[in-house]
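Shown next, in structure tokens, is the structure this report addresses.
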Amino acid sequence: MSQEEQKDSEESTSEDKDKSIPEDKLSVTHHSVTINGKELNYTATTGTLVLKVEDEKEGEKPKASIFFIAYTLDDVEDASKRPITFSFNGGPGSSSVWLHLGVLGPRRVKPDEDGNPPQPPYELTNNEFSILDKTDLVFIDPVSTGFSRAVPGEEAKQFHGFQRDIESVGDFILLYLGRYKRWRSPKFLIGESYGTTRACGLSGYLQDRHGTYLNGIMLVSVVLNFQTIRFAAGNDLPYILFLPTYTATAFWHNKLSELETSKKGSLEKLLDEVREFAIGDYTVALMQGSALSDRRRQAIVKKLATYTGLTPDYIEKTDLRIKINRFCKELLREEGQTVGRFDSRFKGIDRDSAGENYEYDPSSAVIQGAYTATLNDYVRVDLEFESDLPYEILSRRVHPWDYGGHQNEYVNVADTLRKAMTTNPSLKVYVASGYYDLATPFLATEYTFSHLGLDKSLQDNITMAYYGAGHMMYIDMDELEKMKKDMDAYLDATLSDL
């Protein structure tokens with residue numbers, strides 16, 4: 001090969017390599033929203049930023065293209081000091097669509113005339129309950145969700161794990177803070193479900209690795225200690241912690257015929273009673289195992305039947321231990337129906353009424369279509385961002401998820417949160433739980449926070465809020481309005497100290 005041919009070949013290879021490296025792709029649009037009766041103008045920045053790492057041989061090396069949607073309020077005296085909140089959902093494998101179009105963003109999925117999840121075709125509407133009046137918002141899709149992807153030549157699976165997920169989302173937050181000059185802003189995180197796991201992991205990663213301190217973390221439908229929700233042989237904790245949510249579910253479906261009318265009239269009063277039983281007599285009974293006397297066993301069986309709406313015979317066959325999948329199938333078996341996991345108020349119909357497990361989660365099915373259709377339309381039409389990639393609402397590509405250093409133990413980021421709050425005493429936490437959430441039940445959340453090991457001087461930094469709905473409590477309009485008031489109060493209290 002001649003020198004000229006070799007030069008042409010090298011230039012061609014270099015051009016091909018450059019073409020394979022993605023570039024930032026952004027769309028900037030301008031809109032308005034009415035919140036609390038006041039019209040607010042804002043800018044939406046939609047697109048991808050290329051996440052890079054330092055490489056000793058190659059310098060800055062592109063690793064992933066991260067999709068995000070940011071909303072920043074216009075007409076602000078000093079935008080660099082305005083509060084900013086980074087938001088994501090969970091899964092693992094979920095995009096940020098649920099918190100985005102359900103509660104936080106300036107647009108939300110429009111319910112039907114009765115305020116219930118709609119039927120197709122779907123629409124968005126002005127979100128008068130958005131917190132954009134309090135804080136700018138950045139919605140992040142982790143790698144392999146939404147339009148976020150690993151760059152060509154990089155394996156996506158390197159991001160599909162507990163630690164690398166935290167690092168990549170954290171690195172994106174740092175990139176955004178620098179790119180858009182927001183280092184002086186009060187900083188918040190909000191996560192839902194596994195997103196709460198990620199948020200608490202981030203509190204440690206951002207603080208310990210990068211010296212980036214947060215002002216607040218908002219946790220929606222919490223799972224920090226996986227021992228509280230994993231039904232496994234030898235782990236009796238979930239049976240105890242799910243019980244009050246079983247009661248709330250049976251209460252909703254009128255299956256608590258054994259209770260007096262006065263007790264059935266107030267769900268909160270009833271749940272106080274069940275809490276006491278769950279962490280008292282029921283816990284002691286399960287700890288005793290086969291040493292439990294027949295007399296005490298029968299008393300526990302009777303109580304469980306009263307509080308769950310299941311028959312004593314069925315409870316006896318479960319050895320006093322009712323798994324979530326069995327409860328969802330058994331409660332309405334006689335009617336040929338099941339109850340939802342994310343929101344146990346919803347009912348489904350299985351082909352096999354005699355089975356042990358439900359075929360699908362009706363509370364997931366009733367909302368997924370609306371969020372999928374509206375997000376895809378909204379991004380392309382209103383936000384003017386084009387992509388031929390499928391927007392991964394719930395990606396299966398991330399599985400199997402790598403829990404890395406948590407082999408042979410339950411994932412638990414509660415102590416990471418404790419350390420972050422102890423090191424940074426100004427860090428405030430808002431915790432939202434739904435009474436009908438069978439994915440992350442409220443008593444499991446209470447257990448986690450009561451075992452946080454946090455010093456008494458910092459206990460007031462935690463705000464607990466409860467809602468008469470499920471995992472995604474914001475699909476209920478009354479609860480969405482309450483959630484807005486609760487988050488406003490939390491943000492006002494946190495920011496008033498600055």
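Identifiers in this document derive from the order of the structure tokens: chains are assigned A, B, ..., residues are numbered from 1 separately in each chain, and ligands are numbered from 1 in order of occurrence.
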**Request:** Would you please give, as a PyMOL selection string, all residues of region 371-474 of chain A that DSSP assigns to helix (DSSP H, G or I) based on the backbone?
**Result:** chain A and resi 371-381+404-406+414-423+442-450+456-461+473-474
How close does each residue of region 404-490 of chain A get to region 364-373 of chain A, giving the shortest atom pair and distance in Å to one decimal for every residue with an atom at most 10 Å away, counting only C-alpha atoms, sorted by chain and residue number, as a tab-separated table?
```
residue	atom	partner	partner_atom	distance
A:His471	CA	A:Ser364	CA	9.9
A:Met472	CA	A:Ser364	CA	9.6
A:Ile475	CA	A:Ile367	CA	8.6
```
**Request:** Enter the distance from CA of Lys61 (chain A) to CA of Leu202 (chain A), in Å, rounded to one decimal.
**Result:**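 If I compute the distance from CA of Lys61 (chain A) to CA of Leu202 (chain A), I get 22.7 Å.
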**Selected residue of minimal separation from Asp313 (chain A) among A:Tyr360, A:Gly289, A:Leu332, A:Val301, counting only C-alpha atoms** =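 Ranked by minimum distance to Asp313 (chain A), first place goes to A:Val301.
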**Prompt:** How many Å lie between CA of Ser27 (chain A) and CA of Val109 (chain A), rounded to one decimal?
**Reply:** 22.2 Å
**Request:** With a distance cut-off of 8 Å and only C-alpha atoms, select the neighbouring residues of Ala420 (chain A), excluding the residue or stretch itself and same-chain residues fewer than 5 positions from it, and output the selection as a VMD selection string.
**Result:** chain A and resid 203 to 204 207 427
Write the residues of the selection above to a file with C-alpha atoms, as a PDB file, in the first residue's frame.
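So the final result, stored in part.pdb, reads:
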```pdb
ATOM      1  CA  SER A 203     -26.957  10.342  48.530  1.00  0.00           C
ATOM      2  CA  GLY A 204     -23.834   8.387  49.427  1.00  0.00           C
ATOM      3  CA  GLN A 207     -21.572  13.051  48.881  1.00  0.00           C
ATOM      4  CA  LEU A 427     -30.570  16.923  54.541  1.00  0.00           C
TER       5      LEU A 427
END
```
**Message:** For a test of reading the model, state the distance in Å between CA of Asp488 (chain A) and CA of Asp133 (chain A), rounded to one decimal.
**Reply:** 9.3 Å
**Request:** Please return as a list in words: the residues of region 73-196 of chain A that backbone DSSP assigns to strand (DSSP E).
**Result:**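 The strand (DSSP E) subset of region 73-196 of chain A is Leu73, Ile84, Thr85, Phe86, Ser87, Phe88, Arg107, Arg108, Val109, Leu124, Thr125, Asn126, Asp136, Leu137, Val138, Phe139, Ile140, Arg149, Ala150, Lys187, Phe188, Leu189, Ile190, Gly191, Glu192 and Ser193 of chain A.
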Nearby residues (only C-alpha atoms) at most 12 Å from Asp272 (chain A), same-chain spacing under 2 positions excluded, as an mmCIF file with C-alpha atoms, in the first residue's frame:
```
data_model
loop_
_atom_site.group_PDB
_atom_site.id
_atom_site.type_symbol
_atom_site.label_atom_id
_atom_site.label_comp_id
_atom_site.auth_asym_id
_atom_site.auth_seq_id
_atom_site.Cartn_x
_atom_site.Cartn_y
_atom_site.Cartn_z
ATOM 1 C CA LEU A 243 -50.424 -7.588 56.947
ATOM 2 C CA PRO A 244 -51.868 -4.064 57.384
ATOM 3 C CA THR A 245 -51.955 -3.628 53.593
ATOM 4 C CA THR A 247 -56.292 -5.467 55.793
ATOM 5 C CA ALA A 248 -56.642 -2.219 53.832
ATOM 6 C CA LYS A 263 -64.085 -0.479 63.331
ATOM 7 C CA SER A 266 -62.310 4.291 59.840
ATOM 8 C CA LEU A 267 -59.489 2.721 57.862
ATOM 9 C CA GLU A 268 -56.781 4.582 59.772
ATOM 10 C CA LYS A 269 -58.202 3.474 63.142
ATOM 11 C CA LEU A 270 -58.393 -0.114 61.938
ATOM 12 C CA VAL A 274 -53.580 -4.205 62.903
ATOM 13 C CA ARG A 275 -50.147 -2.596 63.229
ATOM 14 C CA GLU A 276 -50.177 -3.368 66.931
ATOM 15 C CA PHE A 277 -51.130 -6.982 66.302
ATOM 16 C CA ALA A 278 -48.611 -7.390 63.474
ATOM 17 C CA ILE A 279 -45.562 -6.177 65.395
ATOM 18 C CA TYR A 307 -57.873 -8.923 59.371
ATOM 19 C CA LEU A 443 -45.493 -0.824 57.387
#
```
